[in-house]
$ cat target-v8.txt   # compact mmCIF, C-alpha atoms and all ligand atoms
# COMPACT_ATOMS: atom_id res chain seq x y z
CA MET A 4 69.43 63.42 56.30
CA PRO A 5 72.37 61.13 55.49
CA THR A 6 74.17 62.20 58.67
CA ASP A 7 71.28 61.31 60.94
CA HIS A 8 71.93 58.54 63.43
CA PRO A 9 69.34 58.13 66.17
CA ASP A 10 70.52 58.54 69.79
CA GLN A 11 68.90 58.74 73.23
CA TYR A 12 67.72 62.28 72.48
CA GLN A 13 65.57 61.22 69.55
CA ASP A 14 62.28 62.38 71.14
CA ILE A 15 63.66 65.88 71.64
CA ARG A 16 65.18 65.88 68.17
CA GLU A 17 61.92 64.91 66.51
CA ALA A 18 59.84 67.40 68.49
CA VAL A 19 62.22 70.29 67.71
CA ARG A 20 62.39 69.22 64.05
CA ALA A 21 58.57 69.23 63.88
CA LEU A 22 58.52 72.77 65.22
CA CYS A 23 61.33 73.88 62.89
CA ALA A 24 59.46 72.39 59.92
CA GLN A 25 56.93 75.20 60.36
CA PHE A 26 59.80 77.65 59.73
CA PRO A 27 61.45 76.43 56.54
CA ASP A 28 64.46 77.88 54.70
CA GLU A 29 62.29 80.55 53.05
CA TYR A 30 61.35 81.91 56.48
CA PHE A 31 64.94 82.34 57.68
CA ARG A 32 66.02 83.60 54.25
CA LYS A 33 63.38 86.34 54.38
CA VAL A 34 64.29 87.31 57.94
CA ASP A 35 67.93 87.52 56.85
CA GLU A 36 67.08 89.58 53.77
CA GLU A 37 65.06 92.02 55.85
CA ARG A 38 67.67 92.08 58.62
CA GLY A 39 64.73 91.21 60.84
CA TYR A 40 64.28 89.13 63.98
CA PRO A 41 62.65 85.68 63.77
CA GLU A 42 59.93 86.77 66.17
CA ALA A 43 57.39 84.09 65.22
CA PHE A 44 60.00 81.36 65.48
CA VAL A 45 61.27 82.51 68.91
CA ASP A 46 57.67 82.80 70.13
CA ALA A 47 56.85 79.28 68.98
CA LEU A 48 60.01 77.93 70.59
CA THR A 49 59.17 79.69 73.85
CA LYS A 50 55.54 78.56 73.86
CA ALA A 51 56.65 74.98 73.31
CA GLY A 52 58.86 75.39 76.40
CA TRP A 53 62.17 74.71 74.65
CA LEU A 54 63.86 77.92 75.79
CA ALA A 55 63.06 77.05 79.41
CA ALA A 56 64.85 73.71 79.15
CA LEU A 57 67.50 74.59 81.74
CA ILE A 58 65.15 76.34 84.20
CA PRO A 59 64.36 73.95 87.08
CA ALA A 60 60.77 72.65 87.35
CA ASP A 61 60.36 74.54 90.67
CA TYR A 62 60.58 77.78 88.71
CA GLY A 63 58.35 76.68 85.86
CA GLY A 64 60.94 75.26 83.47
CA SER A 65 61.53 71.70 82.37
CA GLY A 66 64.71 71.13 84.40
CA LEU A 67 66.58 69.33 81.65
CA GLY A 68 70.36 68.90 81.52
CA LEU A 69 72.88 70.67 79.33
CA ALA A 70 72.99 67.67 76.96
CA GLU A 71 69.27 68.00 76.20
CA ALA A 72 69.49 71.80 75.95
CA SER A 73 72.38 71.43 73.52
CA VAL A 74 70.37 69.02 71.36
CA ILE A 75 67.62 71.69 71.08
CA MET A 76 70.15 74.26 69.85
CA GLU A 77 71.80 71.76 67.52
CA GLU A 78 68.51 70.82 65.91
CA ILE A 79 67.53 74.43 65.21
CA ASN A 80 70.76 74.98 63.28
CA ARG A 81 70.63 71.57 61.69
CA CYS A 82 67.16 72.38 60.33
CA GLY A 83 68.51 75.52 58.65
CA GLY A 84 67.63 78.05 61.35
CA ASN A 85 69.90 80.18 63.52
CA SER A 86 69.89 79.74 67.29
CA GLY A 87 71.84 82.99 67.58
CA ALA A 88 68.52 84.79 67.78
CA CYS A 89 67.63 83.10 71.05
CA HIS A 90 70.50 81.12 72.58
CA GLY A 91 71.24 83.90 75.08
CA GLN A 92 68.27 82.90 77.17
CA MET A 93 69.56 79.36 77.59
CA TYR A 94 72.79 80.42 79.26
CA ASN A 95 72.08 83.89 80.66
CA MET A 96 69.42 82.62 82.99
CA GLY A 97 72.02 80.24 84.49
CA THR A 98 73.78 83.26 86.05
CA LEU A 99 70.55 84.27 87.75
CA LEU A 100 69.81 80.70 88.77
CA ARG A 101 73.21 80.07 90.33
CA HIS A 102 73.87 83.43 91.97
CA GLY A 103 70.54 85.26 92.29
CA SER A 104 68.67 85.50 95.59
CA GLU A 105 65.57 83.36 96.09
CA GLU A 106 63.51 86.56 95.74
CA GLN A 107 65.13 87.39 92.38
CA LYS A 108 64.67 83.84 91.13
CA ARG A 109 60.97 83.79 92.12
CA LYS A 110 60.51 87.22 90.53
CA TYR A 111 62.06 86.43 87.18
CA LEU A 112 62.49 82.74 86.40
CA PRO A 113 58.82 81.66 86.23
CA ARG A 114 58.07 84.64 83.96
CA ILE A 115 61.06 83.80 81.77
CA ALA A 116 59.94 80.18 81.61
CA SER A 117 56.40 81.17 80.59
CA GLY A 118 57.68 83.53 77.92
CA GLU A 119 56.28 86.65 79.59
CA LEU A 120 59.84 87.98 79.92
CA ARG A 121 62.90 87.43 77.76
CA LEU A 122 66.39 87.38 79.24
CA GLN A 123 68.34 87.29 76.00
CA SER A 124 71.13 89.78 76.68
CA MET A 125 74.40 89.86 78.57
CA ALA A 126 76.56 93.00 78.47
CA VAL A 127 80.24 92.28 79.07
CA THR A 128 82.37 93.41 76.09
CA GLU A 129 83.64 97.00 75.89
CA PRO A 130 85.33 98.81 73.02
CA THR A 131 88.56 99.61 74.84
CA ALA A 132 88.89 96.43 76.92
CA GLY A 133 88.10 93.80 74.26
CA THR A 134 88.88 90.32 75.48
CA ASP A 135 90.70 91.70 78.52
CA THR A 136 87.48 91.91 80.54
CA THR A 137 89.11 92.97 83.79
CA ARG A 138 89.92 96.31 82.10
CA ILE A 139 86.30 97.29 81.63
CA LYS A 140 85.60 100.93 82.30
CA THR A 141 81.85 100.87 82.88
CA VAL A 142 81.32 101.74 86.53
CA ALA A 143 78.41 101.30 88.93
CA VAL A 144 78.64 103.56 91.97
CA LYS A 145 76.37 102.93 94.95
CA LYS A 146 74.28 105.94 95.92
CA GLY A 147 71.62 105.32 98.55
CA ASP A 148 69.35 102.52 97.39
CA CYS A 149 70.60 102.44 93.82
CA TYR A 150 73.73 102.09 91.69
CA VAL A 151 74.55 104.81 89.15
CA VAL A 152 76.03 103.38 85.96
CA ASN A 153 78.26 105.23 83.48
CA GLY A 154 80.21 103.79 80.58
CA GLN A 155 79.90 102.00 77.29
CA LYS A 156 79.49 98.45 75.98
CA VAL A 157 79.85 97.07 72.47
CA TRP A 158 78.48 94.03 70.61
CA ILE A 159 75.63 93.50 73.01
CA SER A 160 73.19 91.18 71.30
CA ARG A 161 69.39 90.93 71.24
CA VAL A 162 68.86 94.03 73.41
CA GLN A 163 66.03 95.16 71.14
CA HIS A 164 64.30 91.80 71.54
CA SER A 165 64.80 91.21 75.23
CA ASP A 166 63.18 92.52 78.40
CA LEU A 167 66.10 91.86 80.71
CA MET A 168 69.87 92.09 80.46
CA ILE A 169 72.71 91.05 82.71
CA LEU A 170 75.26 93.84 83.03
CA LEU A 171 78.87 93.59 84.23
CA ALA A 172 80.29 96.80 85.70
CA ARG A 173 83.15 97.81 87.96
CA THR A 174 82.05 98.64 91.49
CA THR A 175 85.59 99.03 92.91
CA PRO A 176 88.28 100.78 90.83
CA LEU A 177 90.95 98.48 89.38
CA ALA A 178 93.66 100.35 91.33
CA GLU A 179 91.95 99.47 94.64
CA VAL A 180 91.58 95.68 94.23
CA LYS A 181 94.13 92.99 95.13
CA ARG A 182 93.39 90.92 92.03
CA LYS A 183 92.23 92.46 88.78
CA SER A 184 89.34 89.96 88.59
CA GLU A 185 87.88 91.40 91.80
CA GLY A 186 85.70 94.49 92.19
CA MET A 187 83.26 93.83 89.34
CA SER A 188 79.56 93.15 89.89
CA ILE A 189 76.61 91.95 87.88
CA PHE A 190 73.15 93.44 87.78
CA ILE A 191 69.86 92.53 86.23
CA VAL A 192 68.67 95.43 84.11
CA ASP A 193 65.11 96.09 83.00
CA ILE A 194 65.82 97.17 79.41
CA LYS A 195 62.68 99.23 78.85
CA GLU A 196 63.15 101.13 82.09
CA ALA A 197 66.85 101.64 81.38
CA THR A 198 66.30 103.06 77.89
CA ALA A 199 63.99 105.67 79.42
CA LYS A 200 66.50 106.56 82.14
CA GLY A 201 69.98 106.85 80.68
CA MET A 202 70.82 103.86 78.48
CA THR A 203 71.14 104.50 74.74
CA VAL A 204 71.08 101.60 72.28
CA ARG A 205 72.84 102.01 68.93
CA PRO A 206 72.53 99.06 66.51
CA ILE A 207 75.70 97.80 64.78
CA PRO A 208 75.11 96.76 61.16
CA ASN A 209 77.14 93.58 60.68
CA MET A 210 77.92 90.66 58.37
CA VAL A 211 75.42 88.30 59.96
CA ASN A 212 71.80 89.05 60.65
CA HIS A 213 72.61 89.22 64.33
CA GLU A 214 70.93 91.98 66.29
CA THR A 215 73.80 93.49 68.20
CA ASN A 216 74.41 96.95 69.62
CA GLU A 217 76.55 99.58 71.25
CA LEU A 218 75.22 100.66 74.61
CA PHE A 219 75.91 103.97 76.31
CA PHE A 220 75.18 104.54 79.99
CA ASP A 221 74.72 108.07 81.20
CA ASN A 222 73.91 108.14 84.93
CA LEU A 223 71.62 105.14 84.60
CA GLU A 224 70.16 104.34 88.02
CA ILE A 225 69.66 100.66 88.82
CA PRO A 226 67.88 99.67 92.05
CA ALA A 227 70.38 98.17 94.53
CA GLY A 228 68.09 95.12 94.73
CA ASN A 229 69.07 94.28 91.15
CA LEU A 230 72.62 93.38 92.18
CA ILE A 231 73.06 89.64 91.61
CA GLY A 232 74.96 87.85 94.37
CA GLU A 233 77.69 89.71 96.27
CA GLU A 234 79.18 93.01 95.18
CA GLY A 235 82.65 92.54 93.71
CA ARG A 236 82.25 88.90 92.64
CA GLY A 237 80.60 89.49 89.27
CA PHE A 238 83.52 88.38 87.13
CA LYS A 239 83.62 85.01 88.87
CA TYR A 240 79.86 84.64 88.36
CA ILE A 241 80.25 85.35 84.63
CA LEU A 242 83.08 82.78 84.39
CA ASP A 243 80.83 80.20 86.09
CA GLY A 244 78.40 80.46 83.19
CA LEU A 245 80.96 80.13 80.43
CA ASN A 246 81.16 76.35 80.27
CA ALA A 247 77.44 76.08 79.50
CA GLU A 248 77.71 78.88 76.95
CA ARG A 249 80.71 77.31 75.19
CA THR A 250 79.06 73.89 75.05
CA LEU A 251 75.76 75.21 73.70
CA ILE A 252 77.60 77.16 71.01
CA ALA A 253 79.53 73.99 70.16
CA ALA A 254 76.21 72.19 69.66
CA GLU A 255 74.96 74.94 67.35
CA CYS A 256 78.13 74.59 65.28
CA ILE A 257 77.60 70.82 65.17
CA GLY A 258 74.08 71.46 63.85
CA ASP A 259 75.49 73.81 61.21
CA GLY A 260 78.23 71.32 60.34
CA TYR A 261 75.75 68.52 59.67
CA TRP A 262 73.56 70.91 57.67
CA PHE A 263 76.53 71.82 55.41
CA VAL A 264 77.61 68.21 54.98
CA ASP A 265 74.07 67.07 54.15
CA ARG A 266 73.55 69.86 51.64
CA ALA A 267 76.95 69.32 50.05
CA ALA A 268 76.50 65.53 49.75
CA LYS A 269 73.02 65.92 48.28
CA TYR A 270 74.10 68.53 45.76
CA ALA A 271 77.18 66.53 44.79
CA ALA A 272 74.98 63.51 44.10
CA GLU A 273 72.47 65.49 42.01
CA ARG A 274 74.47 68.04 40.05
CA VAL A 275 75.54 66.63 36.69
CA VAL A 276 78.47 68.15 34.79
CA PHE A 277 80.54 66.30 32.13
CA ASP A 278 77.71 63.75 32.04
CA ARG A 279 78.16 62.56 35.61
CA PRO A 280 77.33 63.69 39.12
CA ILE A 281 80.04 66.00 40.42
CA GLY A 282 80.29 63.81 43.56
CA GLN A 283 81.73 61.06 41.39
CA ASN A 284 84.89 63.15 41.23
CA GLN A 285 87.03 62.43 44.25
CA GLY A 286 88.18 66.05 44.25
CA VAL A 287 84.57 66.91 45.15
CA ALA A 288 83.69 63.91 47.35
CA PHE A 289 86.78 63.73 49.57
CA PRO A 290 86.56 67.22 51.10
CA ILE A 291 82.92 66.50 52.00
CA ALA A 292 83.93 63.20 53.60
CA GLU A 293 86.69 64.97 55.54
CA ALA A 294 84.35 67.73 56.70
CA TYR A 295 81.94 65.05 57.94
CA MET A 296 84.70 63.35 59.96
CA GLU A 297 85.68 66.63 61.58
CA VAL A 298 82.09 67.35 62.60
CA GLU A 299 81.68 63.84 64.00
CA ALA A 300 84.89 64.14 66.04
CA ALA A 301 83.92 67.56 67.42
CA ASN A 302 80.52 66.15 68.32
CA LEU A 303 82.15 63.59 70.62
CA MET A 304 83.89 66.37 72.52
CA ARG A 305 80.64 68.30 72.74
CA PHE A 306 78.89 65.32 74.38
CA ARG A 307 81.88 64.76 76.68
CA ALA A 308 81.56 68.37 77.87
CA CYS A 309 77.80 67.89 78.40
CA GLU A 310 78.34 64.69 80.33
CA LEU A 311 80.83 66.31 82.72
CA PHE A 312 78.75 69.46 83.12
CA ASP A 313 75.59 67.49 83.90
CA ALA A 314 77.54 65.41 86.43
CA GLN A 315 78.71 68.69 88.01
CA GLN A 316 82.33 67.83 87.25
CA PRO A 317 84.94 70.37 86.13
CA CYS A 318 84.62 70.75 82.37
CA GLY A 319 86.44 73.97 81.46
CA ALA A 320 88.88 72.20 79.16
CA GLU A 321 86.25 70.07 77.44
CA ALA A 322 83.80 72.96 77.01
CA ASN A 323 86.51 75.16 75.47
CA MET A 324 87.81 72.36 73.25
CA ALA A 325 84.29 71.44 72.13
CA LYS A 326 83.56 75.06 71.24
CA HIS A 327 86.73 75.49 69.23
CA LEU A 328 86.66 72.10 67.48
CA ALA A 329 82.99 72.47 66.57
CA ALA A 330 83.37 76.07 65.34
CA LYS A 331 86.35 75.03 63.21
CA ALA A 332 84.60 71.92 61.87
CA SER A 333 81.45 73.84 60.94
CA TRP A 334 83.49 76.56 59.26
CA GLU A 335 85.41 73.99 57.23
CA ALA A 336 82.15 72.25 56.32
CA ALA A 337 80.73 75.63 55.28
CA ASN A 338 83.65 76.25 52.98
CA VAL A 339 83.38 72.80 51.41
CA CYS A 340 79.61 73.18 50.98
CA LEU A 341 80.04 76.52 49.24
CA GLN A 342 82.77 75.13 46.97
CA THR A 343 80.64 72.09 46.11
CA HIS A 344 77.79 74.33 45.03
CA GLY A 345 80.05 76.30 42.69
CA GLY A 346 78.40 79.54 41.60
CA PHE A 347 75.07 78.48 43.09
CA GLY A 348 76.66 78.60 46.54
CA PHE A 349 76.54 82.38 46.20
CA ALA A 350 72.84 82.48 45.34
CA CYS A 351 70.73 83.40 48.36
CA GLU A 352 68.04 80.88 47.43
CA TYR A 353 70.34 77.97 48.32
CA ASP A 354 70.87 79.31 51.87
CA VAL A 355 74.52 78.22 51.81
CA GLU A 356 75.87 81.77 51.79
CA ARG A 357 73.59 82.72 54.70
CA LYS A 358 74.62 79.76 56.84
CA PHE A 359 78.26 80.34 55.77
CA ARG A 360 78.13 83.86 57.23
CA GLU A 361 76.26 82.72 60.32
CA THR A 362 78.66 79.94 61.29
CA ARG A 363 81.78 82.07 60.75
CA LEU A 364 80.90 84.13 63.79
CA TYR A 365 81.70 81.32 66.20
CA LEU A 366 85.45 81.37 65.62
CA VAL A 367 85.36 84.90 67.04
CA ALA A 368 82.44 85.12 69.48
CA PRO A 369 81.59 84.53 72.23
CA ILE A 370 85.29 83.76 72.58
CA SER A 371 87.97 83.83 69.90
CA SER A 372 90.06 80.77 69.05
CA ASN A 373 93.27 82.30 70.41
CA LEU A 374 91.72 82.68 73.81
CA VAL A 375 90.70 79.01 73.78
CA PHE A 376 94.27 78.04 72.83
CA SER A 377 95.54 80.21 75.61
CA TYR A 378 93.22 78.53 78.14
CA ILE A 379 94.37 75.05 77.10
CA ALA A 380 98.05 76.05 77.02
CA GLU A 381 97.94 77.53 80.50
CA HIS A 382 95.33 75.55 82.41
CA VAL A 383 95.67 72.10 80.83
CA LEU A 384 99.25 71.98 79.64
CA GLY A 385 100.77 74.09 82.41
CA MET A 386 102.59 76.48 80.11
CA PRO A 387 103.48 79.98 81.30
CA ARG A 388 100.65 82.47 81.57
CA SER A 389 100.81 84.93 78.71
CA PHE A 390 98.47 87.66 79.98
C1 LIG B 1 77.98 89.39 66.32
C2 LIG B 1 78.59 89.50 67.70
C3 LIG B 1 77.79 89.34 68.81
C4 LIG B 1 78.34 89.49 70.10
N1 LIG B 1 77.51 89.43 71.20
C5 LIG B 1 78.01 89.76 72.43
C6 LIG B 1 77.13 89.88 73.57
O1 LIG B 1 75.92 89.65 73.48
N2 LIG B 1 77.67 90.28 74.75
C7 LIG B 1 79.00 90.57 74.91
O2 LIG B 1 79.41 90.92 76.01
N3 LIG B 1 79.86 90.45 73.84
C8 LIG B 1 79.40 90.05 72.62
N4 LIG B 1 80.24 89.97 71.53
C9 LIG B 1 81.66 90.29 71.70
C10 LIG B 1 82.58 89.09 71.54
O3 LIG B 1 82.50 88.27 72.67
C11 LIG B 1 83.98 89.64 71.27
O4 LIG B 1 83.96 90.25 69.99
C12 LIG B 1 85.02 88.58 71.31
O5 LIG B 1 85.15 88.06 72.61
C13 LIG B 1 86.38 89.12 70.86
O6 LIG B 1 86.65 90.33 71.53
P1 LIG B 1 87.07 91.64 70.71
O7 LIG B 1 86.14 91.76 69.56
O8 LIG B 1 87.15 92.79 71.62
O9 LIG B 1 88.48 91.28 70.15
P2 LIG B 1 89.92 91.71 70.74
O10 LIG B 1 90.00 91.40 72.19
O11 LIG B 1 90.19 93.09 70.29
O12 LIG B 1 90.85 90.72 69.93
C14 LIG B 1 91.06 90.83 68.52
C15 LIG B 1 91.82 89.62 68.03
O13 LIG B 1 93.08 89.55 68.70
C16 LIG B 1 93.22 88.31 69.37
N5 LIG B 1 93.90 88.52 70.66
C17 LIG B 1 93.67 89.49 71.58
N6 LIG B 1 94.49 89.35 72.63
C18 LIG B 1 95.26 88.26 72.39
C19 LIG B 1 96.29 87.59 73.11
N7 LIG B 1 96.69 87.99 74.31
N8 LIG B 1 96.85 86.49 72.54
C20 LIG B 1 96.46 86.07 71.33
N9 LIG B 1 95.48 86.65 70.60
C21 LIG B 1 94.88 87.73 71.12
C22 LIG B 1 91.83 87.77 69.57
O14 LIG B 1 91.84 86.35 69.62
C23 LIG B 1 91.09 88.31 68.36
O15 LIG B 1 91.20 87.40 67.28
C24 LIG B 1 79.73 89.76 70.24
C25 LIG B 1 80.54 89.87 69.10
C26 LIG B 1 79.99 89.75 67.84
C27 LIG B 1 80.88 89.92 66.64

$ encode --input "target-v8.txt" --output "structure tokens"
Amino acid sequence: MPTDHPDQYQDIREAVRALCAQFPDEYFRKVDEERGYPEAFVDALTKAGWLAALIPADYGGSGLGLAEASVIMEEINRCGGNSGACHGQMYNMGTLLRHGSEEQKRKYLPRIASGELRLQSMAVTEPTAGTDTTRIKTVAVKKGDCYVVNGQKVWISRVQHSDLMILLARTTPLAEVKRKSEGMSIFIVDIKEATAKGMTVRPIPNMVNHETNELFFDNLEIPAGNLIGEEGRGFKYILDGLNAERTLIAAECIGDGYWFVDRAAKYAAERVVFDRPIGQNQGVAFPIAEAYMEVEAANLMRFRACELFDAQQPCGAEANMAKHLAAKASWEAANVCLQTHGGFGFACEYDVERKFRETRLYLVAPISSNLVFSYIAEHVLGMPRSF
């Protein structure tokens, strides 16, 4: 890979690359074609312990930092795969780790680390609330020793390939709280049990091969013991996990970005038209060079966010900036890679169109660019709050 420069994470990089080598382009292409789930790949990743990177050793994980975890995600995408099938576990378990009781952590984390259970899903988004999460309408009402859940979620990923899901629901009506961010709670939901007792899962066909769903809750009863942390503080708990999520997504985009640049540079050097490699034309070479610079720059911000996070320093600004810069850089690299390949960029066998679709998602989810701009404008630059 022309863009490869060894760093202190080389051991992790090489080990993940060796695993990914068993799942070449053809594997991911076929999964994409079939709109399937890369079951064998996720199993191999779990067995090798990579998805338990952020789980502390006391609970059976490897207790690595966010920087190392982000390198794992980066390498998967850089090797041509798609971490979107499994990245949820990396950051969702953080919510349980930070806010769950010791009993909940002992119950779930070792089994997640061993691969016996998957915690791949987090249900926050709703059709009528959109990005304005405090307006969610899904409610959980305490009745005896359980909570009864009613409502609807949308775009909830990996539910069909997960055992557990973290659910955000309102436990105190919006009209009765002092601040709109109060009165929401999070629960750990056993997906199999829930689908038998009032949760309906409806898949959403979409542009990417990303298993994502609408969820409907009709008097779903969740044991009160599945409440994570204190009732009413769920929104804050979700926010606590966002910096890790943003930074890991940034790393995936960095992996994609390097993949696009490598493929574009290689193709530009090999493809001969008018008796010379197309890369000899500056109109072809310069956009690839520019895309590479953008990915490199975003990568610095990604490692800055990791450094602060791992030092337990505030990193909201850096995590948001890393996510946006990396998503933008990978999308630009995708565009350049497709253009460099000409018509062949559209042929599935080159994998460019697949990766192009996959990386586009990250300018929208898990947070859209405008919301990142809004965060920086308000919280970093002190401009007036807009919503
Ligand atoms: C494939 C996929 C997987 C997903 N997986 C999950 C998941 O597992 N769990 C989950 O909870 N959610 C998930 N999501 C949801 C995702 O987080 C949201 O789609 C995303 O946050 C944007 O919310 P929205 O779609 O409701 O857009 P909206 O909130 O309707 O916004 C639409 C557009 O308007 C812009 N906008 C809205 N308000 C403002 C404003 N005040 N100022 C400026 N611009 C504004 C937004 O930036 C956006 O571009 C997923 C989405 C997709 C597409």

$ residues_near_ligand --input "target-v8.txt" --ligand "ligand LIG 1 (chain B)" --cutoff "8 Å" --atoms "all atoms listed in the file" --output "number ranges by chain"
A: 91, 124-135, 156-161, 209, 211, 213-215, 364, 367-374, 377, 389-390

$ residues_around --input "target-v8.txt" --residues "Ala227 of chain A" --least-positions-apart "3" --cutoff "7 Å" --atoms "all atoms listed in the file" --output "ChimeraX atom specification"
/A:148-150,230

$ residues_around --input "target-v8.txt" --residues "Arg182 of chain A" --least-positions-apart "3" --cutoff "12 Å" --atoms "all atoms listed in the file" --output "PyMOL selection string"
chain A and resi 137-138+175-179+185-187+235-236+238-239

$ residues_around --input "target-v8.txt" --residues "Asp265 of chain A" --least-positions-apart "2" --cutoff "7 Å" --atoms "only C-alpha atoms" --output "short mmCIF file (atom, residue, chain, number, x, y, z; two decimals) with C-alpha atoms, keeping the file's coordinate frame"
data_model
loop_
_atom_site.label_atom_id
_atom_site.label_comp_id
_atom_site.auth_asym_id
_atom_site.auth_seq_id
_atom_site.Cartn_x
_atom_site.Cartn_y
_atom_site.Cartn_z
CA MET A 4 69.43 63.42 56.30
CA PRO A 5 72.37 61.13 55.49
CA THR A 6 74.17 62.20 58.67
CA TYR A 261 75.75 68.52 59.67
CA TRP A 262 73.56 70.91 57.67
CA PHE A 263 76.53 71.82 55.41
CA ALA A 267 76.95 69.32 50.05
CA ALA A 268 76.50 65.53 49.75
CA LYS A 269 73.02 65.92 48.28
#

$ atom_distance --input "target-v8.txt" --atom1 "atom CA of Met93 of chain A" --atom2 "atom CA of Gln316 of chain A"
19.7 Å

$ closest_residue --input "target-v8.txt" --among "A:Val287, A:Cys351, A:Cys340, A:Val19" --to "Glu78 of chain A" --atoms "only C-alpha atoms"
A:Val19

$ closest_residue --input "target-v8.txt" --among "A:Glu381, A:Gly63, A:Lys331, A:Ala271" --to "Gly345 of chain A" --atoms "only C-alpha atoms"
A:Ala271

$ residues_around --input "target-v8.txt" --residues "Asp14 of chain A" --least-positions-apart "6" --cutoff "12 Å" --atoms "all atoms listed in the file" --output "short mmCIF file (atom, residue, chain, number, x, y, z; two decimals) with C-alpha atoms, in the frame of the given file"
data_model
loop_
_atom_site.label_atom_id
_atom_site.label_comp_id
_atom_site.auth_asym_id
_atom_site.auth_seq_id
_atom_site.Cartn_x
_atom_site.Cartn_y
_atom_site.Cartn_z
CA ARG A 20 62.39 69.22 64.05
CA ALA A 21 58.57 69.23 63.88
CA GLU A 71 69.27 68.00 76.20
CA VAL A 74 70.37 69.02 71.36
CA ILE A 75 67.62 71.69 71.08
CA GLU A 78 68.51 70.82 65.91
#

$ closest_residue --input "target-v8.txt" --among "A:Val298, A:Cys89, A:Ala72, A:Ile191" --to "Ser104 of chain A" --atoms "all atoms listed in the file"
A:Ile191

$ residues_around --input "target-v8.txt" --residues "Gly260 of chain A" --least-positions-apart "4" --cutoff "8 Å" --atoms "only C-alpha atoms" --output "count of residues only"
12

$ closest_residue --input "target-v8.txt" --among "A:Ala60, A:Gly103, A:Asp193, A:Gly83" --to "Arg121 of chain A" --atoms "all atoms listed in the file"
A:Asp193

$ atom_distance --input "target-v8.txt" --atom1 "atom CA of Leu112 of chain A" --atom2 "atom CA of Ile194 of chain A"
16.4 Å

$ atom_distance --input "target-v8.txt" --atom1 "atom CA of Leu171 of chain A" --atom2 "atom CA of Ala254 of chain A"
26.0 Å

$ residues_near_point --input "target-v8.txt" --point "(67.9, 106.9, 89.7)" --cutoff "10 Å" --atoms "all atoms listed in the file" --output "MDAnalysis selection string"
chainID A and resid 146:152 197 200:201 222:226

$ write_last_selection --input "target-v8.txt" --atoms "C-alpha atoms" --output "PDB file, keeping the file's coordinate frame"
ATOM      1  CA  LYS A 146      74.280 105.940  95.920  1.00  0.00           C
ATOM      2  CA  GLY A 147      71.620 105.320  98.550  1.00  0.00           C
ATOM      3  CA  ASP A 148      69.350 102.520  97.390  1.00  0.00           C
ATOM      4  CA  CYS A 149      70.600 102.440  93.820  1.00  0.00           C
ATOM      5  CA  TYR A 150      73.730 102.090  91.690  1.00  0.00           C
ATOM      6  CA  VAL A 151      74.550 104.810  89.150  1.00  0.00           C
ATOM      7  CA  VAL A 152      76.030 103.380  85.960  1.00  0.00           C
ATOM      8  CA  ALA A 197      66.850 101.640  81.380  1.00  0.00           C
ATOM      9  CA  LYS A 200      66.500 106.560  82.140  1.00  0.00           C
ATOM     10  CA  GLY A 201      69.980 106.850  80.680  1.00  0.00           C
ATOM     11  CA  ASN A 222      73.910 108.140  84.930  1.00  0.00           C
ATOM     12  CA  LEU A 223      71.620 105.140  84.600  1.00  0.00           C
ATOM     13  CA  GLU A 224      70.160 104.340  88.020  1.00  0.00           C
ATOM     14  CA  ILE A 225      69.660 100.660  88.820  1.00  0.00           C
ATOM     15  CA  PRO A 226      67.880  99.670  92.050  1.00  0.00           C
TER      16      PRO A 226
END

$ closest_residue --input "target-v8.txt" --among "A:Leu100, A:Glu233, A:Gln283, A:Asn338" --to "Arg363 of chain A" --atoms "all atoms listed in the file"
A:Asn338

$ residues_near_point --input "target-v8.txt" --point "(57.0, 78.5, 76.2)" --cutoff "9 Å" --atoms "only C-alpha atoms" --output "PyMOL selection string"
chain A and resi 46-55+64+115-119

$ closest_residue --input "target-v8.txt" --among "A:Cys23, A:Ile58, A:Ile252, A:Ala272" --to "Gly87 of chain A" --atoms "only C-alpha atoms"
A:Ile252

$ decode --input "target-v8.txt" --residues "segment 6-12 of chain A" --atoms "N, CA and C atoms" --output "PDB file, in the first residue's frame"
ATOM      1  N   THR A   6       0.226   4.181   0.737  1.00  0.00           N
ATOM      2  CA  THR A   6      -0.052   5.112   1.837  1.00  0.00           C
ATOM      3  C   THR A   6       0.333   4.553   3.201  1.00  0.00           C
ATOM      4  N   ASP A   7       0.989   3.405   3.215  1.00  0.00           N
ATOM      5  CA  ASP A   7       1.283   2.764   4.488  1.00  0.00           C
ATOM      6  C   ASP A   7       2.544   3.334   5.120  1.00  0.00           C
ATOM      7  N   HIS A   8       2.419   3.947   6.293  1.00  0.00           N
ATOM      8  CA  HIS A   8       3.640   4.293   7.017  1.00  0.00           C
ATOM      9  C   HIS A   8       3.534   3.730   8.427  1.00  0.00           C
ATOM     10  N   PRO A   9       4.487   2.855   8.766  1.00  0.00           N
ATOM     11  CA  PRO A   9       4.401   2.168  10.062  1.00  0.00           C
ATOM     12  C   PRO A   9       4.320   3.148  11.241  1.00  0.00           C
ATOM     13  N   ASP A  10       3.546   2.784  12.262  1.00  0.00           N
ATOM     14  CA  ASP A  10       3.471   3.595  13.486  1.00  0.00           C
ATOM     15  C   ASP A  10       3.525   2.659  14.682  1.00  0.00           C
ATOM     16  N   GLN A  11       3.227   3.199  15.873  1.00  0.00           N
ATOM     17  CA  GLN A  11       3.366   2.352  17.081  1.00  0.00           C
ATOM     18  C   GLN A  11       2.283   1.289  17.188  1.00  0.00           C
ATOM     19  N   TYR A  12       1.336   1.300  16.262  1.00  0.00           N
ATOM     20  CA  TYR A  12       0.254   0.310  16.304  1.00  0.00           C
ATOM     21  C   TYR A  12       0.464  -0.801  15.284  1.00  0.00           C
TER      22      TYR A  12
END
